[in-house]
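Presented below is the structure to which this report refers.
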Amino acid sequence: MTVSPQNLRLDQNRIPSLPDPALASLKIGVLALQGAFLEHANMLRRLGAQPVEVRLPQDLVDLDGLIIPGGESTTIGKLATQYNLLEPLRQFVDSHKAVWGTCAGMIFLAHDIGATGSGGHIVPPRLAVMDIKVDRNAFGRQVDSFEADLPLTFANETPFRAVFIRAPLIEQTGPQVEVLARLDDGRIVAARQENMLVTAFHPELGDDVRFHQYFLEMIKQNREKQNREPAAS
Ligand code: GLN
C-alpha cells in the first residue's frame, strides 16, 4: 500500500510534551555539506529522533531517512560530486527511504530546473529524481526573503508560518506528485512524491514542528510497511 498524505494528518503544531517513543530509534541523516543542517538536526533532536550528519557515502548506512537542507544549490551539488555522494544518494532514494529537500535541497531533488535557472546560473549537479519543475530563484533578488502563512493539506486549519529565503518555486508537478501547500496566489511551495518530500521554504527556522513531524511519520509508515512486507523491501 502506498502511504498517502490523506491518511497522514497532524493537528499539533508545537513539540508534544511527551516525545513519541517510536521516534527514539529513528536515525535521520542530515546532509551536512553546506547550509542549514544544524537547525534541522536541532529540530529532530527536539522531537526525539536521532540526527546523523552526512558527509561521506558511508554515513548513509543504516539511516531511516535523510534531510537535504537549504543553502546554496550550486555549492551543495559541487561538494556532493567531490565527496562521491551523488550515486549513493540516488541509491538511497531508489531504495524507497524517505528523503526531504528544503529550498536548495528541493532544487537538488528536482528533475527539471530549466536550462539555466532564472538569473542565468549554471545548472548544478543534482539527483534529479523527483518529477517536478523548479524555478531556482523564482522571487528574484529584489525579494530576498519573506514570510507567509500557508494552509496545509495534511493538518488542522492553523496556517504554517513559512520562512522563504531566496526561495525556489515548484512550477510543474508530474502525475505522481501531491501538492501539500500553496501560496495565496496558488503557486506551489510544498509537495510529495511517494518517499520524497520537498518544501521551498525553511521549516527548520521557527517553532512550528509540523513538517518535521510529517517527515517522521512518513518514515514510521515506511518502516511499518517494511515489517508487513519484508520480501518486497
Ligand atoms: N535559490 C537558492 C539556490 O539556488 C536556494 C536558497 C535557499 O536554500 N535558501 O541555491
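Each chain of the C-alpha cells is named A, B, ... in the order shown, its residues numbered from 1; ligands are numbered from 1 in display order.
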Original post:
Within 8 Å of ligand 1, counting only C-alpha atoms and all ligand atoms, which protein or nucleic acid residues do you find, written as a PyMOL selection string?
Top reply: chain A and resi 35+69-75+102-105+107+136-138+164-168+200-202
**OP:** List the neighbours of segment 84-90 of chain A out to 8 Å using only C-alpha atoms; skip same-chain residues closer than 3 positions along the sequence, and give me the result as an NGL selection string.
**Re:** :A and (56-57 or 60 or 80-81 or 93-94 or 126-127 or 129)
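Coordinates place atom CA of Leu33 of chain A at a distance of 6.6 Å from atom CA of Leu79 of chain A.
Non-sequential neighbours of Asp64 of chain A (distance at most 7 Å, separation of 2 or more positions within a chain, only C-alpha atoms) are A:Leu26, A:Lys27, A:Ile28, A:Asp62, A:Lys97, A:Ile219.
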Subject >> DSSP helix (DSSP H, G or I) residues within segment 52-149 of chain A, listed as JSON, numbers by chain >> reply: {"A": [57, 58, 59, 60, 73, 74, 75, 76, 77, 78, 79, 80, 81, 82, 86, 87, 88, 89, 90, 91, 92, 93, 94, 104, 105, 106, 107, 108, 109]}
Could you write out the selected residues, including N, CA and C atoms, as a CSV table (one decimal), in the first residue's frame?
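What ended up in out_32.csv:
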chain,number,residue,atom,x,y,z
A,57,PRO,N,29.8,8.8,1.8
A,57,PRO,CA,28.8,7.8,1.5
A,57,PRO,C,28.6,6.8,2.6
A,58,GLN,N,29.6,6.5,3.4
A,58,GLN,CA,29.4,5.5,4.5
A,58,GLN,C,28.4,6.0,5.6
A,59,ASP,N,28.3,7.4,5.7
A,59,ASP,CA,27.4,7.9,6.7
A,59,ASP,C,25.9,7.6,6.4
A,60,LEU,N,25.6,7.1,5.1
A,60,LEU,CA,24.2,6.8,4.8
A,60,LEU,C,23.8,5.4,5.3
A,73,SER,N,22.4,25.8,-3.8
A,73,SER,CA,22.3,24.5,-4.5
A,73,SER,C,23.6,24.2,-5.3
A,74,THR,N,24.2,25.3,-5.9
A,74,THR,CA,25.4,25.1,-6.7
A,74,THR,C,26.5,24.5,-5.8
A,75,THR,N,26.7,25.1,-4.6
A,75,THR,CA,27.7,24.6,-3.7
A,75,THR,C,27.4,23.2,-3.2
A,76,ILE,N,26.2,22.9,-2.8
A,76,ILE,CA,25.8,21.6,-2.4
A,76,ILE,C,26.1,20.5,-3.5
A,77,GLY,N,25.7,20.9,-4.7
A,77,GLY,CA,25.9,20.0,-5.8
A,77,GLY,C,27.4,19.7,-6.1
A,78,LYS,N,28.2,20.8,-6.0
A,78,LYS,CA,29.7,20.6,-6.3
A,78,LYS,C,30.3,19.7,-5.2
A,79,LEU,N,29.9,20.0,-3.9
A,79,LEU,CA,30.5,19.3,-2.8
A,79,LEU,C,30.1,17.8,-2.8
A,80,ALA,N,28.8,17.6,-3.2
A,80,ALA,CA,28.3,16.2,-3.3
A,80,ALA,C,29.0,15.4,-4.3
A,81,THR,N,29.4,16.1,-5.4
A,81,THR,CA,30.1,15.5,-6.5
A,81,THR,C,31.6,15.1,-6.0
A,82,GLN,N,32.2,16.1,-5.4
A,82,GLN,CA,33.5,16.0,-4.9
A,82,GLN,C,33.7,14.8,-3.8
A,86,LEU,N,26.9,11.6,-5.0
A,86,LEU,CA,25.7,11.6,-5.9
A,86,LEU,C,25.1,10.2,-6.1
A,87,GLU,N,25.9,9.3,-6.5
A,87,GLU,CA,25.4,7.9,-6.8
A,87,GLU,C,24.8,7.3,-5.5
A,88,PRO,N,25.6,7.3,-4.4
A,88,PRO,CA,25.0,6.7,-3.2
A,88,PRO,C,23.7,7.4,-2.7
A,89,LEU,N,23.6,8.7,-2.9
A,89,LEU,CA,22.3,9.4,-2.6
A,89,LEU,C,21.2,8.9,-3.5
A,90,ARG,N,21.5,8.8,-4.8
A,90,ARG,CA,20.5,8.3,-5.7
A,90,ARG,C,20.0,6.9,-5.3
A,91,GLN,N,20.9,6.1,-4.9
A,91,GLN,CA,20.6,4.7,-4.5
A,91,GLN,C,19.7,4.7,-3.2
A,92,PHE,N,20.0,5.7,-2.4
A,92,PHE,CA,19.2,5.8,-1.1
A,92,PHE,C,17.8,6.2,-1.5
A,93,VAL,N,17.6,7.1,-2.4
A,93,VAL,CA,16.2,7.4,-2.8
A,93,VAL,C,15.6,6.2,-3.5
A,94,ASP,N,16.3,5.6,-4.4
A,94,ASP,CA,15.8,4.4,-5.1
A,94,ASP,C,15.3,3.3,-4.2
A,104,ALA,N,17.2,24.8,-1.2
A,104,ALA,CA,18.3,24.3,-2.1
A,104,ALA,C,18.1,22.8,-2.2
A,105,GLY,N,17.7,22.1,-1.1
A,105,GLY,CA,17.5,20.7,-1.1
A,105,GLY,C,16.4,20.2,-2.1
A,106,MET,N,15.4,21.1,-2.2
A,106,MET,CA,14.4,20.8,-3.2
A,106,MET,C,14.9,20.9,-4.6
A,107,ILE,N,15.8,21.9,-4.9
A,107,ILE,CA,16.4,22.1,-6.2
A,107,ILE,C,17.2,20.8,-6.5
A,108,PHE,N,17.9,20.3,-5.5
A,108,PHE,CA,18.8,19.2,-5.6
A,108,PHE,C,18.0,17.9,-6.0
A,109,LEU,N,16.8,17.8,-5.6
A,109,LEU,CA,15.9,16.6,-5.9
A,109,LEU,C,15.2,16.8,-7.2
Original post:
For Val163 of chain A, which residue among A:Asn195, A:Gln176, A:Ser95, A:Ser145 is the nearest when counting only C-alpha atoms?
Top reply: A:Ser145
